[in-house]
$ cat target_39.cif   # mmCIF, C-alpha atoms and all ligand atoms
data_upload
#
loop_
_atom_site.group_PDB
_atom_site.id
_atom_site.type_symbol
_atom_site.label_atom_id
_atom_site.label_comp_id
_atom_site.auth_asym_id
_atom_site.auth_seq_id
_atom_site.Cartn_x
_atom_site.Cartn_y
_atom_site.Cartn_z
ATOM 1 C CA MET W 450 96.343 78.737 71.960
ATOM 2 C CA SER W 451 92.941 78.921 73.617
ATOM 3 C CA SER W 452 89.447 77.915 72.610
ATOM 4 C CA VAL W 453 86.160 79.790 72.718
ATOM 5 C CA GLN W 454 83.555 77.811 74.646
ATOM 6 C CA GLY W 455 80.645 76.763 72.506
ATOM 7 C CA THR W 456 82.284 77.501 69.157
ATOM 8 C CA LYS W 457 85.653 75.822 69.920
ATOM 9 C CA LYS W 458 87.199 78.498 67.745
ATOM 10 C CA PRO W 459 90.738 79.211 68.907
ATOM 11 C CA ILE W 460 92.095 82.722 69.220
ATOM 12 C CA ASP W 461 95.395 82.428 67.497
ATOM 13 C CA ILE W 462 97.389 85.287 68.970
ATOM 14 C CA GLY W 463 100.952 85.688 70.217
ATOM 15 C CA PHE W 464 101.781 86.750 73.765
ATOM 16 C CA GLU W 465 105.525 86.354 74.197
ATOM 17 C CA ARG W 466 108.290 88.950 73.975
ATOM 18 C CA THR W 467 110.036 89.258 70.648
ATOM 19 C CA CYS W 468 112.636 91.776 71.888
ATOM 20 C CA ASP W 469 116.063 91.195 73.432
ATOM 21 C CA CYS W 470 115.440 93.180 76.632
ATOM 22 C CA PRO W 471 116.895 91.788 79.874
ATOM 23 C CA PRO W 472 114.313 89.655 81.742
ATOM 24 C CA ASN W 473 113.952 92.091 84.672
ATOM 25 C CA HIS W 474 113.000 95.078 82.455
ATOM 26 C CA ILE W 475 109.286 95.921 82.507
ATOM 27 C CA ASN W 476 109.379 97.570 79.081
ATOM 28 C CA CYS W 477 111.578 98.238 76.056
ATOM 29 C CA LEU W 478 112.216 101.902 77.020
ATOM 30 C CA THR W 479 115.682 103.378 77.395
ATOM 31 C CA ALA W 480 116.530 105.260 80.616
ATOM 32 C CA ARG W 481 116.171 108.545 78.709
ATOM 33 C CA GLU W 482 112.683 107.594 77.476
ATOM 34 C CA TRP W 483 111.676 106.293 80.917
ATOM 35 C CA ILE W 484 112.456 109.584 82.634
ATOM 36 C CA GLN W 485 109.891 111.394 80.461
ATOM 37 C CA HIS W 486 107.139 109.194 81.894
ATOM 38 C CA GLN W 487 107.708 109.894 85.573
ATOM 39 C CA ILE W 488 105.376 112.859 85.927
ATOM 40 C CA ALA W 489 102.007 111.735 87.346
ATOM 41 C CA VAL W 490 100.014 114.275 85.331
ATOM 42 C CA TRP W 491 99.612 113.192 81.715
ATOM 43 C CA GLU W 492 98.497 115.248 78.740
ATOM 44 C CA PHE W 493 97.545 113.971 75.299
ATOM 45 C CA TYR W 494 96.729 115.399 71.895
ATOM 46 C CA TYR W 495 94.328 113.877 69.414
ATOM 47 C CA GLU W 496 95.789 113.160 65.983
ATOM 48 C CA LYS W 497 94.098 112.958 62.568
ATOM 49 C CA ARG W 498 93.576 109.187 62.819
ATOM 50 C CA ASP W 499 91.648 109.576 66.091
ATOM 51 C CA ILE W 500 87.863 109.295 65.849
ATOM 52 C CA ARG W 501 86.322 112.573 67.038
ATOM 53 C CA ASP W 502 82.835 112.142 65.615
ATOM 54 C CA LYS W 503 80.390 111.433 68.446
ATOM 55 C CA LYS W 504 77.985 109.828 65.982
ATOM 56 C CA VAL W 505 80.611 107.144 65.290
ATOM 57 C CA HIS W 506 81.367 106.607 68.989
ATOM 58 C CA PRO W 507 80.423 108.972 71.831
ATOM 59 C CA ALA W 508 83.516 108.544 74.016
ATOM 60 C CA VAL W 509 86.879 107.598 72.546
ATOM 61 C CA PHE W 510 90.228 108.191 74.168
ATOM 62 C CA PRO W 511 93.186 109.430 72.067
ATOM 63 C CA ILE W 512 95.534 106.820 70.538
ATOM 64 C CA ALA W 513 98.311 108.464 72.564
ATOM 65 C CA LEU W 514 96.744 107.281 75.848
ATOM 66 C CA PRO W 515 96.884 103.493 75.346
ATOM 67 C CA ALA W 516 100.160 104.003 73.415
ATOM 68 C CA LYS W 517 101.818 105.509 76.494
ATOM 69 C CA CYS W 518 100.577 102.644 78.707
ATOM 70 C CA ILE W 519 101.669 100.009 76.189
ATOM 71 C CA GLY W 520 105.142 101.576 75.967
ATOM 72 C CA LEU W 521 105.450 101.689 79.748
ATOM 73 C CA PHE W 522 104.094 98.278 80.698
ATOM 74 C CA THR W 523 104.838 95.833 77.887
ATOM 75 C CA HIS W 524 107.517 94.541 75.559
ATOM 76 C CA ARG W 525 107.272 94.049 71.822
ATOM 77 C CA GLY W 526 105.321 90.897 70.933
ATOM 78 C CA GLU W 527 103.361 90.776 74.203
ATOM 79 C CA LEU W 528 99.570 90.657 74.463
ATOM 80 C CA ILE W 529 97.287 93.562 75.432
ATOM 81 C CA LEU W 530 93.602 93.212 76.360
ATOM 82 C CA ASP W 531 90.925 95.927 76.171
ATOM 83 C CA PRO W 532 87.645 94.574 77.639
ATOM 84 C CA PHE W 533 85.679 97.690 76.516
ATOM 85 C CA VAL W 534 87.384 98.300 73.192
ATOM 86 C CA GLY W 535 84.773 100.611 71.584
ATOM 87 C CA SER W 536 86.157 101.975 68.304
ATOM 88 C CA GLY W 537 89.412 100.027 68.725
ATOM 89 C CA THR W 538 91.795 102.810 69.785
ATOM 90 C CA THR W 539 93.827 100.386 71.929
ATOM 91 C CA LEU W 540 94.183 98.024 68.975
ATOM 92 C CA VAL W 541 95.520 100.848 66.779
ATOM 93 C CA ALA W 542 98.102 101.802 69.427
ATOM 94 C CA ALA W 543 99.145 98.142 69.825
ATOM 95 C CA GLN W 544 99.565 97.782 66.064
ATOM 96 C CA ASP W 545 101.741 100.899 65.919
ATOM 97 C CA LEU W 546 103.983 99.531 68.664
ATOM 98 C CA GLY W 547 104.318 95.910 67.497
ATOM 99 C CA ARG W 548 102.170 94.347 70.221
ATOM 100 C CA ASN W 549 99.378 91.776 69.921
ATOM 101 C CA ALA W 550 96.006 92.926 71.161
ATOM 102 C CA VAL W 551 92.506 91.630 71.650
ATOM 103 C CA GLY W 552 89.461 93.763 72.374
ATOM 104 C CA PHE W 553 85.834 93.075 73.298
ATOM 105 C CA ASP W 554 82.701 95.184 73.093
ATOM 106 C CA LEU W 555 79.022 94.551 73.588
ATOM 107 C CA LYS W 556 78.054 96.467 70.475
ATOM 108 C CA SER W 557 78.739 94.848 67.098
ATOM 109 C CA GLU W 558 78.875 98.206 65.232
ATOM 110 C CA TYR W 559 81.844 99.278 67.367
ATOM 111 C CA VAL W 560 83.573 95.931 66.887
ATOM 112 C CA ASP W 561 83.254 96.323 63.121
ATOM 113 C CA ILE W 562 84.775 99.821 63.308
ATOM 114 C CA ALA W 563 87.620 98.506 65.480
ATOM 115 C CA ASN W 564 88.437 95.647 63.114
ATOM 116 C CA LYS W 565 88.296 97.928 60.062
ATOM 117 C CA ARG W 566 90.714 100.382 61.703
ATOM 118 C CA VAL W 567 93.361 97.737 62.229
ATOM 119 C CA GLU W 568 92.762 96.001 58.912
ATOM 120 C CA SER W 569 93.700 99.211 57.125
ATOM 121 C CA GLY W 570 96.839 99.668 59.242
ATOM 122 C CA GLU W 571 100.427 98.497 58.766
ATOM 123 C CA LYS W 572 100.594 94.691 58.896
ATOM 124 C CA GLY W 573 103.537 93.354 60.895
ATOM 125 C CA ASP W 574 104.081 90.021 62.605
ATOM 126 C CA THR W 575 101.560 90.851 65.345
ATOM 127 C CA ARG W 576 97.776 90.585 65.368
ATOM 128 C CA GLN W 577 95.038 92.899 66.654
ATOM 129 C CA VAL W 578 91.435 91.772 66.703
ATOM 130 C CA ALA W 579 88.086 92.692 68.303
ATOM 131 C CA PHE W 580 85.166 90.435 69.226
ATOM 132 C CA CYS W 581 81.540 91.210 69.976
ATOM 133 C CA GLU W 582 81.200 89.827 73.488
ATOM 134 C CA GLU W 583 80.054 90.849 76.930
ATOM 135 C CA ALA W 584 83.025 91.504 79.182
ATOM 136 C CA HIS W 585 82.053 88.840 81.767
ATOM 137 C CA ASP W 586 82.653 86.197 79.061
ATOM 138 C CA ILE W 587 86.213 87.224 78.150
ATOM 139 C CA PRO W 588 87.863 84.385 80.138
ATOM 140 C CA LYS W 589 86.445 81.912 77.590
ATOM 141 C CA TYR W 590 88.661 83.412 74.892
ATOM 142 C CA LEU W 591 92.134 83.509 76.384
ATOM 143 C CA GLU W 592 94.631 81.258 78.126
ATOM 144 C CA GLU W 593 95.557 82.030 81.720
ATOM 145 C CA GLU W 594 98.709 84.111 82.328
ATOM 146 C CA THR W 595 99.100 85.280 78.739
ATOM 147 C CA VAL W 596 98.071 88.946 79.004
ATOM 148 C CA SER W 597 100.753 91.506 79.913
ATOM 149 C CA LEU W 598 98.536 94.580 80.069
ATOM 150 C CA VAL W 599 94.851 95.381 80.347
ATOM 151 C CA VAL W 600 94.264 98.948 79.224
ATOM 152 C CA THR W 601 90.757 100.284 78.927
ATOM 153 C CA SER W 602 88.188 102.967 79.489
ATOM 154 C CA PRO W 603 84.930 101.401 80.678
ATOM 155 C CA PRO W 604 81.688 103.399 80.641
ATOM 156 C CA TYR W 605 81.675 105.897 83.517
ATOM 157 C CA ALA W 606 78.610 104.235 85.071
ATOM 158 C CA ASN W 607 75.416 105.936 83.835
ATOM 159 C CA LEU W 608 77.056 109.293 83.034
ATOM 160 C CA LEU W 609 75.864 109.301 79.390
ATOM 161 C CA ASN W 610 72.439 107.905 80.179
ATOM 162 C CA ARG W 611 70.635 111.268 80.096
ATOM 163 C CA ARG W 612 70.030 114.175 77.770
ATOM 164 C CA ARG W 613 73.170 116.239 77.127
ATOM 165 C CA ARG W 614 72.789 119.783 78.395
ATOM 166 C CA ASN W 615 76.314 120.881 77.380
ATOM 167 C CA LYS W 616 76.626 122.853 80.612
ATOM 168 C CA SER W 617 80.394 123.081 80.246
ATOM 169 C CA LYS W 618 80.015 124.976 76.935
ATOM 170 C CA ARG W 619 79.762 128.709 76.506
ATOM 171 C CA GLY W 620 76.712 130.717 75.316
ATOM 172 C CA ASN W 621 75.532 129.771 71.842
ATOM 173 C CA LEU W 622 78.002 126.883 71.679
ATOM 174 C CA ARG W 623 75.782 125.086 74.191
ATOM 175 C CA ARG W 624 72.962 124.504 71.685
ATOM 176 C CA ASP W 625 75.092 122.526 69.225
ATOM 177 C CA GLU W 626 73.942 119.413 67.348
ATOM 178 C CA HIS W 627 74.473 117.288 70.494
ATOM 179 C CA TYR W 628 72.267 119.452 72.742
ATOM 180 C CA LEU W 629 69.508 117.395 74.460
ATOM 181 C CA THR W 630 70.527 114.168 72.675
ATOM 182 C CA VAL W 631 71.144 110.977 74.667
ATOM 183 C CA GLN W 632 74.513 109.552 73.610
ATOM 184 C CA GLN W 633 74.603 106.293 75.508
ATOM 185 C CA TYR W 634 76.420 103.320 73.947
ATOM 186 C CA SER W 635 73.307 101.118 73.969
ATOM 187 C CA ALA W 636 70.141 100.414 75.966
ATOM 188 C CA ASN W 637 71.253 96.807 76.541
ATOM 189 C CA PRO W 638 70.791 96.140 80.307
ATOM 190 C CA ARG W 639 74.233 94.461 80.326
ATOM 191 C CA ASP W 640 75.813 97.703 79.098
ATOM 192 C CA LEU W 641 77.702 99.163 82.076
ATOM 193 C CA GLY W 642 76.627 102.588 80.845
ATOM 194 C CA THR W 643 73.028 101.902 81.902
ATOM 195 C CA MET W 644 73.910 101.068 85.527
ATOM 196 C CA ASP W 645 73.687 103.133 88.647
ATOM 197 C CA VAL W 646 77.159 103.446 90.212
ATOM 198 C CA GLN W 647 76.627 100.786 92.952
ATOM 199 C CA VAL W 648 75.455 98.132 90.467
ATOM 200 C CA TYR W 649 78.199 99.288 88.084
ATOM 201 C CA ALA W 650 80.889 98.772 90.746
ATOM 202 C CA GLU W 651 79.669 95.217 91.382
ATOM 203 C CA ALA W 652 79.788 94.434 87.652
ATOM 204 C CA ILE W 653 83.290 95.943 87.302
ATOM 205 C CA GLY W 654 84.423 93.829 90.281
ATOM 206 C CA ARG W 655 83.087 90.602 88.738
ATOM 207 C CA ILE W 656 84.478 91.364 85.262
ATOM 208 C CA PHE W 657 87.979 92.173 86.528
ATOM 209 C CA ALA W 658 87.993 89.196 88.922
ATOM 210 C CA GLY W 659 87.375 87.031 85.849
ATOM 211 C CA ILE W 660 90.153 88.751 83.901
ATOM 212 C CA ARG W 661 92.831 88.561 86.633
ATOM 213 C CA PRO W 662 93.833 84.903 85.999
ATOM 214 C CA LEU W 663 94.485 85.838 82.347
ATOM 215 C CA LEU W 664 97.118 88.361 83.420
ATOM 216 C CA LYS W 665 100.723 87.347 83.850
ATOM 217 C CA GLU W 666 102.117 87.649 87.364
ATOM 218 C CA ARG W 667 102.768 91.370 87.885
ATOM 219 C CA GLY W 668 100.867 92.030 84.676
ATOM 220 C CA HIS W 669 99.503 95.574 84.599
ATOM 221 C CA CYS W 670 95.966 96.901 84.447
ATOM 222 C CA VAL W 671 95.269 100.539 83.569
ATOM 223 C CA ILE W 672 91.755 101.964 83.808
ATOM 224 C CA ASN W 673 90.723 105.410 82.595
ATOM 225 C CA VAL W 674 87.678 106.702 84.445
ATOM 226 C CA SER W 675 86.183 110.004 85.517
ATOM 227 C CA ASP W 676 84.100 111.239 88.433
ATOM 228 C CA TYR W 677 80.928 113.073 87.434
ATOM 229 C CA TRP W 678 77.949 115.109 88.598
ATOM 230 C CA TRP W 679 74.556 113.458 88.913
ATOM 231 C CA GLU W 680 71.607 115.553 90.094
ATOM 232 C CA ASN W 681 73.889 118.051 91.824
ATOM 233 C CA ARG W 682 75.848 115.323 93.614
ATOM 234 C CA ARG W 683 79.440 114.398 92.878
ATOM 235 C CA VAL W 684 79.842 110.693 92.046
ATOM 236 C CA PRO W 685 83.422 109.575 92.800
ATOM 237 C CA ALA W 686 83.386 106.779 90.214
ATOM 238 C CA HIS W 687 87.169 106.302 90.461
ATOM 239 C CA VAL W 688 86.822 105.401 94.165
ATOM 240 C CA TYR W 689 84.250 102.720 93.313
ATOM 241 C CA VAL W 690 86.576 101.330 90.632
ATOM 242 C CA ILE W 691 89.594 101.255 92.974
ATOM 243 C CA GLN W 692 87.587 99.435 95.660
ATOM 244 C CA ALA W 693 86.128 96.954 93.153
ATOM 245 C CA LEU W 694 89.560 96.100 91.751
ATOM 246 C CA GLN W 695 91.153 95.754 95.169
ATOM 247 C CA GLN W 696 88.386 93.367 96.183
ATOM 248 C CA ALA W 697 89.088 91.424 92.990
ATOM 249 C CA GLY W 698 92.722 90.977 94.104
ATOM 250 C CA TYR W 699 94.515 93.742 92.186
ATOM 251 C CA GLU W 700 97.018 96.033 93.857
ATOM 252 C CA LEU W 701 96.779 99.785 93.201
ATOM 253 C CA ARG W 702 100.176 101.137 92.064
ATOM 254 C CA ASN W 703 99.630 104.690 90.807
ATOM 255 C CA THR W 704 96.868 107.262 90.525
ATOM 256 C CA ILE W 705 97.550 109.415 87.486
ATOM 257 C CA VAL W 706 95.673 112.528 86.427
ATOM 258 C CA TRP W 707 94.888 113.015 82.747
ATOM 259 C CA ASP W 708 95.034 116.798 82.387
ATOM 260 C CA ARG W 709 92.480 117.602 79.664
ATOM 261 C CA ARG W 710 92.723 121.387 79.777
ATOM 262 C CA ASN W 711 94.295 121.371 76.314
ATOM 263 C CA ILE W 712 91.090 119.764 74.960
ATOM 264 C CA VAL W 713 88.509 121.944 76.731
ATOM 265 C CA ASN W 714 88.123 125.320 75.083
ATOM 266 C CA ARG W 715 85.684 128.185 75.580
ATOM 267 C CA ALA W 716 84.226 126.635 78.736
ATOM 268 C CA GLY W 717 80.920 128.026 79.978
ATOM 269 C CA ILE W 718 80.430 129.582 83.406
ATOM 270 C CA PHE W 719 79.359 126.861 85.781
ATOM 271 C CA GLY W 720 77.566 127.339 89.124
ATOM 272 C CA TRP W 721 78.302 131.081 89.465
ATOM 273 C CA PRO W 722 77.543 132.882 91.731
ATOM 274 C CA SER W 723 76.081 130.480 94.290
ATOM 275 C CA ASN W 724 77.474 127.009 93.689
ATOM 276 C CA TYR W 725 81.149 126.139 93.267
ATOM 277 C CA ILE W 726 81.369 123.300 90.750
ATOM 278 C CA THR W 727 84.589 122.349 88.983
ATOM 279 C CA LEU W 728 84.369 121.361 85.347
ATOM 280 C CA THR W 729 84.463 117.580 85.194
ATOM 281 C CA THR W 730 85.809 117.757 81.668
ATOM 282 C CA THR W 731 89.127 119.284 82.764
ATOM 283 C CA PHE W 732 90.628 116.064 84.124
ATOM 284 C CA GLU W 733 90.111 112.321 84.387
ATOM 285 C CA TYR W 734 91.826 109.536 86.284
ATOM 286 C CA ILE W 735 94.173 106.899 84.950
ATOM 287 C CA LEU W 736 94.320 104.176 87.587
ATOM 288 C CA HIS W 737 97.265 101.811 87.453
ATOM 289 C CA PHE W 738 97.037 98.388 89.140
ATOM 290 C CA TRP W 739 98.957 95.166 88.847
ATOM 291 C CA ASN W 740 98.308 91.518 89.464
ATOM 292 C CA PRO W 741 100.438 90.884 92.554
ATOM 293 C CA GLU W 742 102.730 87.862 92.806
HETATM 294 C C1 LIG N 1 84.263 104.514 77.003
HETATM 295 S S1 LIG N 1 83.808 103.398 75.747
HETATM 296 C C2 LIG N 1 85.384 102.787 75.203
HETATM 297 C C3 LIG N 1 85.931 103.630 74.083
HETATM 298 C C4 LIG N 1 87.277 103.187 73.583
HETATM 299 N N1 LIG N 1 88.329 103.428 74.552
HETATM 300 C C5 LIG N 1 87.619 103.945 72.297
HETATM 301 O O1 LIG N 1 88.607 104.700 72.276
HETATM 302 O O2 LIG N 1 86.856 103.817 71.322
HETATM 303 C C6 LIG N 1 83.155 102.021 76.621
HETATM 304 C C7 LIG N 1 82.672 100.862 75.751
HETATM 305 O O3 LIG N 1 82.217 99.799 76.603
HETATM 306 C C8 LIG N 1 81.209 99.071 75.890
HETATM 307 N N2 LIG N 1 80.484 98.266 76.894
HETATM 308 C C9 LIG N 1 79.580 98.670 77.813
HETATM 309 N N3 LIG N 1 79.191 97.655 78.595
HETATM 310 C C10 LIG N 1 79.874 96.557 78.171
HETATM 311 C C11 LIG N 1 79.919 95.209 78.596
HETATM 312 N N4 LIG N 1 79.159 94.762 79.612
HETATM 313 N N5 LIG N 1 80.750 94.351 77.950
HETATM 314 C C12 LIG N 1 81.517 94.798 76.906
HETATM 315 N N6 LIG N 1 81.502 96.066 76.456
HETATM 316 C C13 LIG N 1 80.707 96.942 77.079
HETATM 317 C C14 LIG N 1 80.415 100.163 75.198
HETATM 318 O O4 LIG N 1 79.713 99.654 74.075
HETATM 319 C C15 LIG N 1 81.499 101.191 74.831
HETATM 320 O O5 LIG N 1 81.924 101.052 73.494
#
$ encode --input "target_39.cif" --output "structure tokens"
Amino acid sequence: MSSVQGTKKPIDIGFERTCDCPPNHINCLTAREWIQHQIAVWEFYYEKRDIRDKKVHPAVFPIALPAKCIGLFTHRGELILDPFVGSGTTLVAAQDLGRNAVGFDLKSEYVDIANKRVESGEKGDTRQVAFCEEAHDIPKYLEEETVSLVVTSPPYANLLNRRRRNKSKRGNLRRDEHYLTVQQYSANPRDLGTMDVQVYAEAIGRIFAGIRPLLKERGHCVINVSDYWWENRRVPAHVYVIQALQQAGYELRNTIVWDRRNIVNRAGIFGWPSNYITLTTTFEYILHFWNPE
């Protein structure tokens, strides 16, 4: 049990395996299930429970994404951490799979949504909970070496911090209700979504350096991030994230591509005929690290 500095309020949450798997197994999967995960290009579908309304949250990942990572890198009963939990998708996946999970977000509205989503879910003998907290302060909440997996999608630097022009959409679809709106998470200067990529990378480095002691030895850390265009320049945000995590002591294990072509439909023509620009929305990165021995 750990205590929260200042309030002395403990987070009462389990972190140990409740399965009978042999100690050297990294997950509860059978060999047959394992083999389906070996392809390094992943594809996901949103389901009805997923939040797709950008007014509720502008950038959620599908439940299937954290679910796949949880299945691959943890055992039943273990503890998952999402430092940028948003609408609580990771908590929902953890609840489905019988894992404990704790999430943090700067914005209290998102934390409320996250907690409501898991309160209405199936109650088992695990717990999933979100707190309104800035990610640098997470180490105050958890004991060292209790977390088996960090799985998260941080803001992609300042990608959302501008008016949407919907350039990837076709014709009339471009001027939808989101056209020219700014859909940033918040204007809080501590929000990673307000930061230029260099400042962002420094903040990511500090946050994940603080989180690393909470991870078990060889505990996993999976980060979903995308590169993006900014004033006709490509920003390789995933490279900044890899470098920041390596400097914080993590070891990169796998670079996975999230193939999003099944989600993008009726894409607009982009750059033709003078400027070759690939649609950023067609894929994202899923970066897999671990906490080395
Ligand atoms: C890409 S969203 C995560 C969405 C989440 N995966 C979901 O499915 O709902 C990133 C989140 O990081 C939060 N955030 C930004 N800066 C933060 C910080 N410094 N500390 C904690 N949360 C932060 C934002 O409020 C936003 O909800």
$ residues_near_point --input "target_39.cif" --point "(99.9, 116.0, 80.8)" --cutoff "9 Å" --atoms "only C-alpha atoms" --output "number ranges by chain"
W: 488-493, 706-709, 711
$ closest_residue --input "target_39.cif" --among "W:Leu591, W:Val534, W:Ile718, W:Ala606" --to "Trp679 (chain W)" --atoms "all atoms listed in the file"
W:Ala606
$ residues_near_ligand --input "target_39.cif" --ligand "ligand LIG 1 (chain N)" --cutoff "6 Å" --atoms "all atoms listed in the file" --output "JSON, numbers by chain"
{"W": [508, 509, 510, 533, 534, 535, 536, 537, 538, 553, 554, 555, 556, 583, 584, 601, 602, 603, 604, 634, 639, 640, 641, 642]}
$ closest_residue --input "target_39.cif" --among "W:Asn740, W:His669, W:Glu733, W:Ile660" --to "Pro588 (chain W)" --atoms "only C-alpha atoms"
W:Ile660
$ atom_distance --input "target_39.cif" --atom1 "CA of Ala697 (chain W)" --atom2 "CA of Phe657 (chain W)"
6.6 Å
$ atom_distance --input "target_39.cif" --atom1 "CA of Trp483 (chain W)" --atom2 "CA of Pro511 (chain W)"
20.7 Å
$ closest_residue --input "target_39.cif" --among "W:Trp678, W:Phe719, W:Phe738, W:Tyr605" --to "Leu701 (chain W)" --atoms "only C-alpha atoms"
W:Phe738
$ resolve_selection --input "target_39.cif" --expression "the PyMOL selection byres (((chain W and resi 704) around 7) and not hetatm)" --output "PyMOL selection string"
chain W and resi 703+705-706+734-737
$ residues_near_point --input "target_39.cif" --point "(101.9, 107.6, 77.3)" --cutoff "10 Å" --atoms "all atoms listed in the file" --output "PDB file with C-alpha atoms, keeping the file's coordinate frame"
ATOM      1  CA  GLN W 485     109.891 111.394  80.461  1.00  0.00           C
ATOM      2  CA  HIS W 486     107.139 109.194  81.894  1.00  0.00           C
ATOM      3  CA  TRP W 491      99.612 113.192  81.715  1.00  0.00           C
ATOM      4  CA  GLU W 492      98.497 115.248  78.740  1.00  0.00           C
ATOM      5  CA  PHE W 493      97.545 113.971  75.299  1.00  0.00           C
ATOM      6  CA  ILE W 512      95.534 106.820  70.538  1.00  0.00           C
ATOM      7  CA  ALA W 513      98.311 108.464  72.564  1.00  0.00           C
ATOM      8  CA  LEU W 514      96.744 107.281  75.848  1.00  0.00           C
ATOM      9  CA  PRO W 515      96.884 103.493  75.346  1.00  0.00           C
ATOM     10  CA  ALA W 516     100.160 104.003  73.415  1.00  0.00           C
ATOM     11  CA  LYS W 517     101.818 105.509  76.494  1.00  0.00           C
ATOM     12  CA  CYS W 518     100.577 102.644  78.707  1.00  0.00           C
ATOM     13  CA  ILE W 519     101.669 100.009  76.189  1.00  0.00           C
ATOM     14  CA  GLY W 520     105.142 101.576  75.967  1.00  0.00           C
ATOM     15  CA  LEU W 521     105.450 101.689  79.748  1.00  0.00           C
TER      16      LEU W 521
END
$ resolve_selection --input "target_39.cif" --expression "the PyMOL selection byres (((chain W and resi 668) around 7) and not hetatm)" --output "ChimeraX atom specification"
/W:597-598,664-667,669-670,739-740
$ closest_residue --input "target_39.cif" --among "W:Val646, W:Thr730, W:Glu680, W:Gly573" --to "Ala693 (chain W)" --atoms "all atoms listed in the file"
W:Val646
$ residues_around --input "target_39.cif" --residues "Leu540 (chain W)" --least-positions-apart "3" --cutoff "12 Å" --atoms "all atoms listed in the file" --output "PyMOL selection string"
chain W and resi 511-516+519+528-537+543-553+560+562-571+575-580+599-601
$ build_atoms --input "target_39.cif" --residues "region 490-504 of chain W" --atoms "N, CA and C atoms" --output "compact mmCIF listing (two decimals), keeping the file's coordinate frame"
# COMPACT_ATOMS: atom_id res chain seq x y z
N VAL W 490 101.09 113.58 86.04
CA VAL W 490 100.01 114.28 85.33
C VAL W 490 100.31 114.11 83.84
N TRP W 491 99.39 113.49 83.13
CA TRP W 491 99.61 113.19 81.72
C TRP W 491 98.72 114.08 80.86
N GLU W 492 99.25 114.42 79.68
CA GLU W 492 98.50 115.25 78.74
C GLU W 492 98.61 114.59 77.37
N PHE W 493 97.52 114.60 76.62
CA PHE W 493 97.54 113.97 75.30
C PHE W 493 96.93 114.89 74.26
N TYR W 494 97.34 114.69 73.02
CA TYR W 494 96.73 115.40 71.90
C TYR W 494 96.09 114.37 70.96
N TYR W 495 94.94 114.74 70.42
CA TYR W 495 94.33 113.88 69.41
C TYR W 495 95.08 114.09 68.10
N GLU W 496 95.17 113.04 67.30
CA GLU W 496 95.79 113.16 65.98
C GLU W 496 94.72 112.89 64.92
N LYS W 497 95.09 113.08 63.65
CA LYS W 497 94.10 112.96 62.57
C LYS W 497 93.41 111.60 62.56
N ARG W 498 94.16 110.54 62.88
CA ARG W 498 93.58 109.19 62.82
C ARG W 498 92.56 108.95 63.92
N ASP W 499 92.59 109.77 64.99
CA ASP W 499 91.65 109.58 66.09
C ASP W 499 90.22 109.83 65.61
N ILE W 500 89.27 109.09 66.18
CA ILE W 500 87.86 109.30 65.85
C ILE W 500 87.32 110.36 66.78
N ARG W 501 86.85 111.48 66.21
CA ARG W 501 86.32 112.57 67.04
C ARG W 501 84.83 112.79 66.81
N ASP W 502 84.24 111.96 65.95
CA ASP W 502 82.84 112.14 65.61
C ASP W 502 81.97 111.35 66.60
N LYS W 503 81.19 112.08 67.39
CA LYS W 503 80.39 111.43 68.45
C LYS W 503 79.30 110.53 67.88
N LYS W 504 79.00 110.72 66.58
CA LYS W 504 77.98 109.83 65.98
C LYS W 504 78.63 108.46 65.68
